[in-house]
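Student: Pasting work-v3.txt here (compact mmCIF, C-alpha atoms):
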```
# COMPACT_ATOMS: atom_id res chain seq x y z
CA MET S 106 -25.45 16.38 8.27
CA ASN S 107 -25.86 18.95 5.48
CA ILE S 108 -24.24 18.74 2.05
CA LYS S 109 -21.30 20.94 3.13
CA GLY S 110 -20.61 18.71 6.10
CA GLN S 111 -20.81 15.56 4.00
CA PHE S 112 -18.46 17.05 1.41
CA ALA S 113 -15.97 17.99 4.14
CA GLN S 114 -16.16 14.52 5.66
CA ILE S 115 -15.59 12.77 2.31
CA THR S 116 -12.69 14.97 1.25
CA GLY S 117 -11.13 15.57 4.66
CA ALA S 118 -11.50 19.33 4.19
CA ASP S 119 -12.05 21.89 6.94
CA PRO S 120 -15.85 22.46 7.07
CA ASP S 121 -15.27 26.19 7.45
CA ASP S 122 -13.35 26.20 4.17
CA VAL S 123 -16.20 24.60 2.18
CA ASP S 124 -18.90 26.67 0.52
CA ALA S 125 -22.26 25.49 -0.82
CA PRO S 126 -21.42 25.80 -4.56
CA GLU S 127 -18.32 23.64 -4.20
CA ALA S 128 -20.21 21.03 -2.18
CA ARG S 129 -22.97 20.94 -4.81
CA ASN S 130 -20.36 20.60 -7.53
CA GLY S 131 -18.91 17.66 -5.62
CA VAL S 132 -22.29 15.90 -5.78
CA ILE S 133 -22.56 16.53 -9.53
CA HIS S 134 -19.06 15.22 -10.12
CA VAL S 135 -19.76 12.07 -8.12
CA ILE S 136 -23.08 11.39 -9.90
CA SER S 137 -21.70 12.04 -13.39
CA LEU S 138 -18.52 10.06 -12.83
CA THR S 139 -20.42 7.22 -11.16
CA LEU S 140 -22.61 6.91 -14.26
CA THR S 141 -19.73 7.02 -16.73
CA LYS S 142 -17.48 4.77 -14.66
CA THR S 143 -20.32 2.27 -14.35
CA ALA S 144 -20.75 2.42 -18.11
CA ASP S 145 -17.01 2.00 -18.63
CA ALA S 146 -17.05 -1.17 -16.54
CA LEU S 147 -20.10 -2.59 -18.31
CA ILE S 148 -18.41 -2.12 -21.69
CA ASP S 149 -14.88 -2.87 -20.52
CA PRO S 150 -12.80 -4.08 -23.52
CA LYS S 151 -10.37 -5.87 -21.20
CA LEU S 152 -13.05 -8.29 -19.98
CA VAL S 153 -16.55 -7.78 -21.38
CA LEU S 154 -15.79 -7.01 -25.02
CA SER S 155 -13.04 -9.63 -25.16
CA TRP S 156 -15.55 -12.20 -23.93
CA LEU S 157 -18.25 -10.88 -26.29
CA LEU S 158 -16.11 -11.13 -29.44
CA THR S 159 -15.06 -14.63 -28.43
CA ALA S 160 -18.72 -15.63 -28.10
CA LEU S 161 -19.53 -14.05 -31.47
CA GLY S 162 -16.77 -16.01 -33.20
CA ALA S 163 -14.68 -12.99 -34.15
CA PRO S 164 -11.02 -13.64 -35.09
CA GLY S 165 -8.42 -13.53 -32.32
CA ALA S 166 -6.62 -10.67 -34.03
CA MET S 167 -9.69 -8.49 -33.52
CA ILE S 168 -9.79 -9.33 -29.82
CA GLY S 169 -6.17 -8.25 -29.53
CA LEU S 170 -7.07 -4.86 -31.00
CA LEU S 171 -9.73 -4.00 -28.42
CA VAL S 172 -7.57 -2.48 -25.67
CA PRO S 173 -5.16 -0.57 -27.95
CA ILE S 174 -8.07 0.94 -29.91
CA ARG S 175 -10.00 1.79 -26.76
CA GLU S 176 -7.04 3.37 -24.97
CA ALA S 177 -5.13 4.94 -27.88
CA GLY S 178 -8.31 6.16 -29.58
CA ALA S 179 -9.22 8.06 -26.43
CA LEU S 180 -5.79 9.69 -26.27
CA LEU S 181 -4.48 10.41 -29.76
CA PRO S 182 -7.07 13.05 -30.81
CA GLN S 183 -6.50 15.15 -27.71
CA LEU S 184 -3.69 17.28 -29.11
CA ALA S 185 -5.99 18.40 -31.91
CA LEU S 186 -8.71 19.19 -29.38
CA ALA S 187 -6.49 21.06 -26.92
CA ARG S 188 -6.70 24.50 -28.51
CA PHE S 189 -10.47 24.13 -28.94
CA VAL S 190 -10.80 23.38 -25.24
CA GLU S 191 -8.53 26.27 -24.26
CA ALA S 192 -10.60 28.62 -26.40
CA SER S 193 -13.86 27.66 -24.65
CA SER S 194 -15.17 29.63 -21.71
CA GLN S 195 -16.55 26.50 -20.01
CA ARG S 196 -15.19 22.98 -20.14
CA LYS S 197 -18.34 21.17 -19.03
CA ARG S 198 -20.01 21.50 -22.44
CA LEU S 199 -17.32 19.54 -24.26
CA TRP S 200 -17.31 16.85 -21.56
CA SER S 201 -21.08 16.54 -21.86
CA ALA S 202 -20.95 16.26 -25.65
CA GLY S 203 -18.29 13.57 -25.42
CA SER S 204 -20.34 11.57 -22.92
CA ALA S 205 -23.43 11.75 -25.16
CA ALA S 206 -21.45 10.48 -28.16
CA GLN S 207 -20.11 7.60 -26.07
CA GLY S 208 -23.69 6.68 -25.27
CA VAL S 209 -24.64 6.52 -28.94
CA ALA S 210 -21.57 4.41 -29.76
CA SER S 211 -22.36 2.00 -26.92
CA LEU S 212 -25.86 1.47 -28.25
CA GLY S 213 -24.32 0.75 -31.66
CA ILE S 214 -22.13 -1.97 -30.13
CA ALA S 215 -25.15 -3.53 -28.45
CA VAL S 216 -27.18 -3.63 -31.69
CA SER S 217 -24.23 -5.08 -33.63
CA ALA S 218 -23.85 -7.88 -31.08
CA LEU S 219 -27.51 -8.77 -31.33
CA LEU S 220 -27.73 -8.77 -35.13
CA PHE S 221 -24.41 -10.09 -36.43
CA THR S 222 -21.68 -12.67 -35.78
CA GLY S 223 -18.14 -13.45 -36.86
CA VAL S 224 -15.98 -11.01 -38.77
CA LEU S 225 -18.87 -8.64 -39.52
CA ALA S 226 -19.84 -8.36 -35.85
CA GLY S 227 -16.20 -7.89 -34.85
CA SER S 228 -15.66 -5.19 -37.47
CA LEU S 229 -18.76 -3.24 -36.48
CA ILE S 230 -18.01 -3.49 -32.78
CA ILE S 231 -14.43 -2.33 -33.29
CA GLY S 232 -15.71 0.55 -35.43
CA PHE S 233 -18.17 1.69 -32.76
CA LEU S 234 -15.48 1.24 -30.11
CA ALA S 235 -13.22 3.56 -32.11
CA LEU S 236 -16.03 6.14 -32.23
CA LEU S 237 -16.57 5.75 -28.48
CA SER S 238 -12.86 6.23 -27.88
CA VAL S 239 -12.65 9.42 -29.92
CA ALA S 240 -15.68 10.81 -28.07
CA ARG S 241 -14.01 9.86 -24.81
CA SER S 242 -10.99 11.92 -25.79
CA ALA S 243 -13.17 15.04 -25.83
CA SER S 244 -14.36 14.30 -22.31
CA SER S 245 -10.89 13.42 -21.07
CA VAL S 246 -9.12 16.52 -22.34
CA SER S 247 -11.76 18.79 -20.81
CA TYR S 248 -12.44 17.04 -17.50
CA LYS S 249 -9.29 17.97 -15.59
CA ASP S 250 -9.97 21.66 -16.19
CA ALA S 251 -13.61 21.26 -15.18
CA LEU S 252 -12.54 19.49 -11.99
CA ALA S 253 -9.86 22.05 -11.17
CA ARG S 254 -12.25 24.96 -11.72
CA THR S 255 -14.98 23.55 -9.49
CA ILE S 256 -13.18 21.57 -6.74
CA LYS S 257 -10.20 22.87 -4.75
CA LYS S 258 -6.81 21.15 -4.65
CA ARG S 259 -6.31 18.30 -2.16
CA ARG S 260 -10.00 17.35 -2.43
CA ARG S 261 -10.19 16.20 -6.04
CA GLY S 262 -8.82 12.70 -5.57
CA ALA S 263 -11.39 11.89 -2.91
CA ILE S 264 -14.23 12.93 -5.24
CA THR S 265 -13.04 10.89 -8.22
CA GLY S 266 -12.08 7.95 -6.00
CA LEU S 267 -15.50 7.89 -4.34
CA ALA S 268 -17.20 7.82 -7.74
CA SER S 269 -15.04 4.88 -8.83
CA SER S 270 -15.91 2.93 -5.70
CA VAL S 271 -19.66 3.60 -5.97
CA ALA S 272 -19.69 2.65 -9.66
CA ALA S 273 -17.79 -0.55 -9.01
CA THR S 274 -20.34 -1.60 -6.40
CA SER S 275 -23.15 -1.68 -8.98
CA VAL S 276 -21.03 -3.57 -11.52
CA PHE S 277 -20.12 -6.11 -8.82
CA GLY S 278 -23.80 -7.02 -8.68
CA VAL S 279 -23.83 -7.72 -12.42
CA GLY S 280 -20.84 -10.02 -12.04
CA LEU S 281 -22.60 -11.80 -9.19
CA LEU S 282 -25.58 -12.52 -11.44
CA MET S 283 -23.25 -13.89 -14.10
CA ALA S 284 -21.46 -16.12 -11.61
CA ALA S 285 -24.80 -17.42 -10.31
CA GLY S 286 -25.70 -18.59 -13.82
CA LEU S 287 -28.75 -16.35 -14.08
CA PHE S 288 -27.62 -15.08 -17.49
CA SER S 289 -28.21 -17.31 -20.49
CA VAL S 290 -25.33 -18.60 -22.58
CA SER S 291 -26.25 -16.33 -25.52
CA VAL S 292 -24.77 -12.91 -26.18
CA ALA S 293 -28.11 -11.18 -25.50
CA PRO S 294 -27.41 -10.51 -21.78
CA LEU S 295 -24.08 -8.86 -22.63
CA ALA S 296 -25.71 -6.80 -25.38
CA ILE S 297 -28.38 -5.60 -22.95
CA MET S 298 -25.69 -4.75 -20.40
CA ILE S 299 -23.83 -2.68 -23.01
CA ALA S 300 -27.09 -0.89 -23.93
CA VAL S 301 -27.51 0.02 -20.25
CA ALA S 302 -24.01 1.46 -20.39
CA GLY S 303 -25.09 3.63 -23.32
CA MET S 304 -28.03 5.01 -21.37
CA ALA S 305 -25.76 5.77 -18.42
CA PHE S 306 -23.45 7.82 -20.67
CA LEU S 307 -26.43 9.80 -21.98
CA LEU S 308 -27.76 10.50 -18.47
CA ALA S 309 -24.32 11.61 -17.26
CA SER S 310 -24.15 14.04 -20.17
CA GLY S 311 -27.24 15.84 -18.91
CA VAL S 312 -26.24 15.82 -15.24
CA PHE S 313 -22.80 17.32 -15.89
CA LEU S 314 -24.33 20.38 -17.57
CA LEU S 315 -25.70 21.31 -14.11
CA LEU S 316 -22.13 21.90 -12.86
CA ASN S 317 -21.56 25.39 -11.47
CA GLU S 318 -18.46 26.13 -13.52
CA PRO S 319 -17.40 29.79 -13.77
CA GLU S 320 -17.14 31.19 -17.28
CA LYS S 321 -13.63 32.39 -17.97
CA THR S 322 -12.38 34.46 -20.86
CA PRO S 323 -9.79 32.39 -22.74
CA GLU S 324 -6.24 33.60 -22.20
CA GLY S 325 -4.21 33.90 -25.39
CA ASP S 326 -0.46 33.48 -25.45
CA GLY S 327 0.42 34.93 -28.83
CA ASP S 328 1.02 31.63 -30.64
CA ALA S 329 -2.18 29.93 -29.64
CA GLY S 330 -2.81 28.17 -32.92
CA GLY S 331 0.68 26.93 -33.69
CA LEU S 332 1.83 23.34 -33.44
CA ALA S 333 5.04 24.58 -31.83
CA ALA S 334 3.05 26.00 -28.92
CA LEU S 335 1.29 22.68 -28.41
CA ILE S 336 4.44 20.55 -28.33
CA ASP S 337 6.68 23.06 -26.55
CA PRO S 338 5.91 21.73 -23.01
CA ILE S 339 7.46 18.33 -23.74
CA LEU S 340 10.61 20.09 -24.97
CA SER S 341 10.91 22.66 -22.21
CA ASP S 342 9.46 20.96 -19.12
CA GLY S 343 11.64 18.17 -17.73
CA GLN S 344 9.00 17.16 -15.21
CA LEU S 345 6.46 16.61 -17.99
CA ARG S 346 8.94 14.42 -19.88
CA LEU S 347 9.56 12.36 -16.76
CA PHE S 348 5.83 12.08 -16.08
CA VAL S 349 5.14 10.89 -19.64
CA ALA S 350 7.95 8.33 -19.46
CA SER S 351 6.70 6.98 -16.14
CA ARG S 352 3.10 6.90 -17.30
CA ALA S 353 4.07 5.10 -20.53
CA ALA S 354 5.80 2.36 -18.54
CA LEU S 355 2.91 2.10 -16.08
CA ALA S 356 0.44 1.75 -18.98
CA VAL S 357 1.15 -1.99 -18.85
CA THR S 358 -1.32 -2.12 -15.96
CA ALA S 359 -4.03 -1.34 -18.54
CA LEU S 360 -2.69 -3.79 -21.13
CA ALA S 361 -2.30 -6.78 -18.79
CA PRO S 362 -5.90 -8.01 -18.11
CA PRO S 363 -6.60 -9.49 -21.58
CA PHE S 364 -3.48 -11.64 -21.20
CA ILE S 365 -4.77 -12.80 -17.84
CA VAL S 366 -8.06 -13.68 -19.55
CA MET S 367 -6.04 -15.63 -22.14
CA LEU S 368 -4.51 -17.69 -19.34
CA SER S 369 -8.00 -18.43 -18.07
CA ALA S 370 -9.29 -19.36 -21.54
CA SER S 371 -6.30 -21.63 -22.12
CA SER S 372 -7.69 -23.80 -19.33
CA GLY S 373 -10.95 -24.25 -21.24
CA ARG S 374 -13.12 -21.76 -19.36
CA THR S 375 -15.19 -19.70 -21.81
CA ALA S 376 -18.77 -19.96 -20.46
CA LEU S 377 -20.52 -16.74 -19.50
CA ASP S 378 -20.81 -17.82 -15.86
CA GLU S 379 -16.99 -17.97 -15.79
CA LEU S 380 -16.84 -14.29 -16.79
CA GLY S 381 -18.84 -13.41 -13.68
CA PRO S 382 -16.08 -14.09 -11.13
CA LEU S 383 -13.62 -12.05 -13.19
CA VAL S 384 -16.01 -9.09 -13.36
CA MET S 385 -16.69 -9.41 -9.64
CA ALA S 386 -12.98 -9.53 -8.86
CA SER S 387 -12.25 -6.48 -11.00
CA THR S 388 -15.06 -4.42 -9.52
CA ALA S 389 -14.32 -5.53 -5.96
CA ALA S 390 -10.79 -4.25 -6.42
CA SER S 391 -12.17 -0.90 -7.58
CA VAL S 392 -14.59 -0.71 -4.65
CA LEU S 393 -11.89 -1.45 -2.10
CA SER S 394 -9.08 0.60 -3.58
CA SER S 395 -10.31 3.57 -5.64
CA TYR S 396 -11.22 5.85 -2.75
CA LEU S 397 -8.07 4.95 -0.83
CA TRP S 398 -5.89 5.56 -3.87
CA GLY S 399 -7.69 8.87 -4.36
CA ARG S 400 -6.98 10.02 -0.81
CA LEU S 401 -3.35 8.95 -1.13
CA SER S 402 -3.10 10.88 -4.40
CA ASP S 403 -4.41 14.00 -2.67
CA ARG S 404 -1.43 13.68 -0.31
CA SER S 405 1.14 12.63 -2.92
CA SER S 406 0.36 11.55 -6.47
CA ARG S 407 4.09 10.83 -6.86
CA GLN S 408 4.06 8.24 -4.09
CA THR S 409 0.82 6.78 -5.45
CA LEU S 410 2.43 6.15 -8.83
CA MET S 411 5.49 4.62 -7.19
CA ALA S 412 3.42 2.29 -5.00
CA ALA S 413 1.04 1.23 -7.78
CA GLY S 414 3.91 0.55 -10.18
CA ALA S 415 5.76 -1.57 -7.65
CA LEU S 416 2.57 -3.49 -6.85
CA GLY S 417 1.94 -4.09 -10.54
CA GLY S 418 5.46 -5.40 -10.99
CA VAL S 419 5.05 -7.94 -8.20
CA VAL S 420 1.57 -9.00 -9.33
CA PHE S 421 2.52 -9.56 -12.97
CA ALA S 422 5.64 -11.46 -11.97
CA VAL S 423 3.60 -13.84 -9.79
CA ILE S 424 0.88 -14.30 -12.43
CA GLY S 425 3.38 -14.87 -15.23
CA THR S 426 5.32 -17.40 -13.18
CA THR S 427 2.10 -19.20 -12.23
CA GLY S 428 1.05 -19.37 -15.87
CA LEU S 429 4.37 -20.89 -16.85
CA GLY S 430 4.06 -23.50 -14.13
CA PHE S 431 0.50 -24.60 -14.83
CA GLY S 432 0.05 -23.71 -18.51
CA GLY S 433 -2.92 -21.58 -17.47
CA PHE S 434 -4.87 -21.17 -14.22
CA PRO S 435 -5.75 -24.31 -12.24
CA ASP S 436 -9.27 -23.01 -11.62
CA VAL S 437 -11.36 -19.86 -11.97
CA LEU S 438 -10.51 -18.74 -8.43
CA TRP S 439 -6.87 -18.28 -9.44
CA ALA S 440 -7.94 -16.19 -12.43
CA ALA S 441 -10.23 -14.05 -10.26
CA VAL S 442 -7.46 -13.41 -7.70
CA ALA S 443 -5.11 -12.43 -10.51
CA ILE S 444 -7.62 -9.97 -11.97
CA PHE S 445 -8.31 -8.56 -8.50
CA ALA S 446 -4.66 -7.83 -7.79
CA ALA S 447 -3.98 -6.45 -11.26
CA GLN S 448 -6.98 -4.13 -11.03
CA ILE S 449 -5.81 -2.69 -7.71
CA ALA S 450 -2.50 -1.76 -9.32
CA TYR S 451 -4.31 -0.24 -12.30
CA GLU S 452 -6.59 1.85 -10.08
CA GLY S 453 -3.55 3.26 -8.30
CA VAL S 454 -1.85 4.21 -11.55
CA ARG S 455 -5.03 5.80 -12.90
CA SER S 456 -5.64 7.83 -9.74
CA GLY S 457 -2.04 8.95 -9.40
CA ARG S 458 -1.47 10.01 -12.99
CA LYS S 459 -4.77 11.93 -13.21
CA LEU S 460 -4.15 13.90 -10.03
CA HIS S 461 -0.49 14.51 -10.81
CA LEU S 462 -1.22 16.03 -14.20
CA THR S 463 -4.14 18.06 -12.82
CA ASP S 464 -2.12 19.53 -9.95
CA MET S 465 1.19 20.09 -11.76
CA THR S 466 -0.22 22.57 -14.32
CA GLU S 467 -1.83 26.00 -14.29
CA ASP S 468 -5.37 26.54 -15.51
CA GLN S 469 -4.54 28.12 -18.87
CA PHE S 470 -2.13 25.33 -19.84
CA ARG S 471 -3.79 22.29 -18.27
CA ALA S 472 -5.71 21.23 -21.39
CA ARG S 473 -2.52 21.56 -23.44
CA TYR S 474 -0.46 19.46 -21.03
CA THR S 475 -3.24 16.89 -20.80
CA ALA S 476 -3.62 16.60 -24.56
CA LEU S 477 0.11 16.40 -25.24
CA SER S 478 0.66 13.80 -22.54
CA ASN S 479 -2.29 11.71 -23.65
CA THR S 480 -1.34 11.85 -27.32
CA LEU S 481 2.15 10.54 -26.55
CA ILE S 482 0.72 7.80 -24.33
CA GLY S 483 -1.72 6.92 -27.12
CA LEU S 484 1.21 6.29 -29.44
CA ALA S 485 2.84 4.12 -26.79
CA LEU S 486 -0.36 2.11 -26.38
CA LEU S 487 -0.64 1.54 -30.11
CA ALA S 488 2.87 0.14 -29.99
CA GLY S 489 1.65 -1.98 -27.08
CA GLY S 490 -0.47 -3.88 -29.58
CA LEU S 491 2.75 -5.70 -30.50
CA PHE S 492 2.52 -7.56 -27.21
CA GLY S 493 -0.44 -9.40 -28.73
CA VAL S 494 1.83 -10.62 -31.50
CA ALA S 495 4.38 -11.69 -28.90
CA SER S 496 1.67 -13.57 -27.04
CA GLU S 497 0.78 -15.51 -30.19
CA ALA S 498 4.40 -16.56 -30.55
CA PHE S 499 5.41 -17.18 -26.93
CA GLY S 500 2.18 -17.30 -24.91
CA PRO S 501 0.72 -14.82 -22.38
CA SER S 502 2.96 -15.75 -19.44
CA PRO S 503 6.23 -14.37 -20.89
CA VAL S 504 4.37 -11.19 -21.85
CA LEU S 505 3.19 -10.75 -18.26
CA LEU S 506 6.73 -11.24 -17.00
CA ALA S 507 7.86 -8.49 -19.38
CA PHE S 508 5.06 -6.30 -18.01
CA ALA S 509 6.42 -6.89 -14.50
CA ALA S 510 9.82 -5.46 -15.43
CA ILE S 511 8.25 -2.49 -17.24
CA ALA S 512 5.98 -1.67 -14.29
CA ILE S 513 8.96 -1.62 -11.92
CA LEU S 514 10.73 0.73 -14.33
CA GLY S 515 7.69 3.02 -14.24
CA SER S 516 7.78 3.07 -10.44
CA VAL S 517 11.46 4.03 -10.46
CA LEU S 518 10.84 6.82 -12.97
CA ALA S 519 7.95 8.17 -10.86
CA SER S 520 10.29 8.56 -7.89
CA GLY S 521 11.89 11.52 -9.68
CA LEU S 522 8.64 13.50 -9.95
CA ASP S 523 7.95 16.59 -7.86
CA GLU S 524 5.55 16.58 -4.92
CA VAL S 525 2.97 18.72 -6.71
CA GLN S 526 0.38 18.51 -3.93
CA GLN S 527 2.56 20.59 -1.60
CA GLU S 528 1.36 24.16 -1.31
```
Give the structure from this file in structure tokens form.

Tutor:
Amino acid sequence: MNIKGQFAQITGADPDDVDAPEARNGVIHVISLTLTKTADALIDPKLVLSWLLTALGAPGAMIGLLVPIREAGALLPQLALARFVEASSQRKRLWSAGSAAQGVASLGIAVSALLFTGVLAGSLIIGFLALLSVARSASSVSYKDALARTIKKRRRGAITGLASSVAATSVFGVGLLMAAGLFSVSVAPLAIMIAVAGMAFLLASGVFLLLNEPEKTPEGDGDAGGLAALIDPILSDGQLRLFVASRAALAVTALAPPFIVMLSASSGRTALDELGPLVMASTAASVLSSYLWGRLSDRSSRQTLMAAGALGGVVFAVIGTTGLGFGGFPDVLWAAVAIFAAQIAYEGVRSGRKLHLTDMTEDQFRARYTALSNTLIGLALLAGGLFGVASEAFGPSPVLLAFAAIAILGSVLASGLDEVQQE
């Protein structure tokens, strides 16, 4: 089967409606996203960096900052970058630059872990993570346009979902090695793994430049540089407001895993071979669900968000109740199952919200909508850092029960969104 036939089979498109440039672009998207998604998993703050800082003896407060800095740092700068993206004739260059910078920051984290411990190591790693997050914002704000310009509607979710599944397969192997005890108890294996992530970011940067993206003359709208033009969509577009509200509530699916790790650690499991099953569970969930969530999002991103939010609500309620009953997880299997289920919900939210925002906006305004939405969500995630304070006072189980209620609220809000995939 030729590349056009394979592309049609993966995306469910009519083979007669697929041309060679689009099929080639699909391959480049899958390769680039596979590399960066693999790197994301290898440097995941929810599991890997939390475990790394614990091993390095960094204060607990620093561990609680990892997810808010990683998520909010990738979102908050996007409003400032939006006009720069809209003024560029091609989006792939900014994505490539952002990926390269993430690679450099990842290498910095790896070196810091090898050379330092305690507060100094934690401070340096958090600093490099902040740099990585800002660089990620450049890639994030430009990617949806690059995808929309090079892959037709109702095929995009399959491409991004396939990349997530392929990437997760490779990371599953790393978790298997951890679980088998083949890694030493030192931080060196994790540092090497993070360095590999850095190289993957750098390679993806070069591959993405091969994308056949048409050059388009930027379209001005008369008030291109004004702040009012950037924030006007949230004031004038009710669907965008509803989307942001739903996405903010569903962001608890990203915040939850460190609290699940806390439940595992409260039972005395901190050895590196105990991290392996959690990594395996997380990546297995991505392998099994990302492509399916992507295909569902191509049909209805609205229904994807509703389903993922409802699933998250049920999962967090069960985990929180279990934690209250046992004071932690009875064994590592329980923790792995919890991570597996939580990751499936997260993958659904991520797939649905990306496709919904991509398909609900026109080309000339997509970067603006993306940046505005992400900036507002970044603020919400920074506020989400307060859940760490609540966990210190009440424990992780009550926090997870609160997440359950918030996820259900997000699902209800998503039910009011338009079916943007309909022609």

Student: Record the distance separating atom CA of Leu484 of chain S and atom CA of Trp200 of chain S, expressed in Å with one decimal.

Tutor: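 Calculated distance between atom CA of Leu484 of chain S and atom CA of Trp200 of chain S is 22.7 Å.
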
Student: To one decimal place in Å, what is the distance between atom CA of Ile297 of chain S and atom CA of Gly203 of chain S?

Tutor: 21.8 Å

Student: When distances are computed from only C-alpha atoms, which of S:Gly428, S:Pro294, S:Gly266, S:Gly493 shows the smallest separation from Ser395 of chain S?

Tutor: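 So, comparing all the options, the nearest one is S:Gly266.
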
Student: Could you give me, as a list of chain:residue names, the residues that sit within 6 Å of (-13.7, -10.9, -36.4) in the file's coordinates, counting all atoms listed in the file?

Tutor: S:Ala163, S:Pro164, S:Met167, S:Gly223, S:Val224, S:Gly227

Student: Would you kindly return, as a PDB file with C-alpha atoms, in the coordinates of the input, each protein, DNA or RNA residue with an atom no farther than 9 Å from any atom of segment 455-472 of chain S, considering all atoms listed in the file and excluding same-chain residues fewer than 6 positions away?

Tutor:
```pdb
ATOM      1  CA  GLN S 183      -6.500  15.150 -27.710  1.00  0.00           C
ATOM      2  CA  LEU S 184      -3.690  17.280 -29.110  1.00  0.00           C
ATOM      3  CA  LEU S 186      -8.710  19.190 -29.380  1.00  0.00           C
ATOM      4  CA  ALA S 187      -6.490  21.060 -26.920  1.00  0.00           C
ATOM      5  CA  ARG S 188      -6.700  24.500 -28.510  1.00  0.00           C
ATOM      6  CA  VAL S 190     -10.800  23.380 -25.240  1.00  0.00           C
ATOM      7  CA  GLU S 191      -8.530  26.270 -24.260  1.00  0.00           C
ATOM      8  CA  VAL S 246      -9.120  16.520 -22.340  1.00  0.00           C
ATOM      9  CA  SER S 247     -11.760  18.790 -20.810  1.00  0.00           C
ATOM     10  CA  TYR S 248     -12.440  17.040 -17.500  1.00  0.00           C
ATOM     11  CA  LYS S 249      -9.290  17.970 -15.590  1.00  0.00           C
ATOM     12  CA  ASP S 250      -9.970  21.660 -16.190  1.00  0.00           C
ATOM     13  CA  LEU S 252     -12.540  19.490 -11.990  1.00  0.00           C
ATOM     14  CA  ALA S 253      -9.860  22.050 -11.170  1.00  0.00           C
ATOM     15  CA  ARG S 254     -12.250  24.960 -11.720  1.00  0.00           C
ATOM     16  CA  LYS S 258      -6.810  21.150  -4.650  1.00  0.00           C
ATOM     17  CA  ARG S 259      -6.310  18.300  -2.160  1.00  0.00           C
ATOM     18  CA  ARG S 261     -10.190  16.200  -6.040  1.00  0.00           C
ATOM     19  CA  GLY S 262      -8.820  12.700  -5.570  1.00  0.00           C
ATOM     20  CA  THR S 265     -13.040  10.890  -8.220  1.00  0.00           C
ATOM     21  CA  GLY S 266     -12.080   7.950  -6.000  1.00  0.00           C
ATOM     22  CA  PRO S 323      -9.790  32.390 -22.740  1.00  0.00           C
ATOM     23  CA  GLU S 324      -6.240  33.600 -22.200  1.00  0.00           C
ATOM     24  CA  GLY S 325      -4.210  33.900 -25.390  1.00  0.00           C
ATOM     25  CA  LEU S 345       6.460  16.610 -17.990  1.00  0.00           C
ATOM     26  CA  PHE S 348       5.830  12.080 -16.080  1.00  0.00           C
ATOM     27  CA  ARG S 352       3.100   6.900 -17.300  1.00  0.00           C
ATOM     28  CA  SER S 395     -10.310   3.570  -5.640  1.00  0.00           C
ATOM     29  CA  TRP S 398      -5.890   5.560  -3.870  1.00  0.00           C
ATOM     30  CA  GLY S 399      -7.690   8.870  -4.360  1.00  0.00           C
ATOM     31  CA  LEU S 401      -3.350   8.950  -1.130  1.00  0.00           C
ATOM     32  CA  SER S 402      -3.100  10.880  -4.400  1.00  0.00           C
ATOM     33  CA  ASP S 403      -4.410  14.000  -2.670  1.00  0.00           C
ATOM     34  CA  SER S 405       1.140  12.630  -2.920  1.00  0.00           C
ATOM     35  CA  SER S 406       0.360  11.550  -6.470  1.00  0.00           C
ATOM     36  CA  ARG S 407       4.090  10.830  -6.860  1.00  0.00           C
ATOM     37  CA  GLN S 408       4.060   8.240  -4.090  1.00  0.00           C
ATOM     38  CA  THR S 409       0.820   6.780  -5.450  1.00  0.00           C
ATOM     39  CA  LEU S 410       2.430   6.150  -8.830  1.00  0.00           C
ATOM     40  CA  MET S 411       5.490   4.620  -7.190  1.00  0.00           C
ATOM     41  CA  ALA S 413       1.040   1.230  -7.780  1.00  0.00           C
ATOM     42  CA  SER S 478       0.660  13.800 -22.540  1.00  0.00           C
ATOM     43  CA  ASP S 523       7.950  16.590  -7.860  1.00  0.00           C
ATOM     44  CA  GLU S 524       5.550  16.580  -4.920  1.00  0.00           C
ATOM     45  CA  VAL S 525       2.970  18.720  -6.710  1.00  0.00           C
ATOM     46  CA  GLN S 526       0.380  18.510  -3.930  1.00  0.00           C
TER      47      GLN S 526
END
```

Student: So how many Å separate atom CA of Gln344 of chain S and atom CA of Pro362 of chain S, to one decimal?

Tutor: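 Those two atoms sit 29.4 Å apart.
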
Student: Using all atoms listed in the file, I'd like a table of the residues in segment 221-329 of chain S that come within 10 Å of segment 142-150 of chain S; for each, show the closest atom pair and its distance in Å rounded to one decimal, ordered by chain and ascending number, as CSV.

Tutor:
```
residue,atom,partner,partner_atom,distance
S:Leu234,CA,S:Pro150,CA,8.9
S:Thr265,CA,S:Lys142,CA,9.9
S:Ala268,CA,S:Lys142,CA,7.6
S:Ser269,CA,S:Lys142,CA,6.3
S:Ser270,CA,S:Lys142,CA,9.3
S:Val271,CA,S:Thr143,CA,8.5
S:Ala272,CA,S:Thr143,CA,4.7
S:Ala273,CA,S:Thr143,CA,6.5
S:Thr274,CA,S:Thr143,CA,8.8
S:Ser275,CA,S:Thr143,CA,7.2
S:Val276,CA,S:Thr143,CA,6.5
S:Phe277,CA,S:Ala146,CA,9.7
S:Val279,CA,S:Leu147,CA,8.7
S:Gly280,CA,S:Leu147,CA,9.8
S:Leu295,CA,S:Leu147,CA,8.6
S:Ala296,CA,S:Ile148,CA,9.4
S:Ile297,CA,S:Leu147,CA,10.0
S:Met298,CA,S:Leu147,CA,6.3
S:Ile299,CA,S:Ile148,CA,5.6
S:Ala300,CA,S:Ile148,CA,9.0
S:Val301,CA,S:Ala144,CA,7.5
S:Ala302,CA,S:Ala144,CA,4.1
S:Gly303,CA,S:Ala144,CA,6.9
S:Met304,CA,S:Ala144,CA,8.4
S:Ala305,CA,S:Ala144,CA,6.0
S:Phe306,CA,S:Ala144,CA,6.6
S:Ala309,CA,S:Ala144,CA,9.9
```
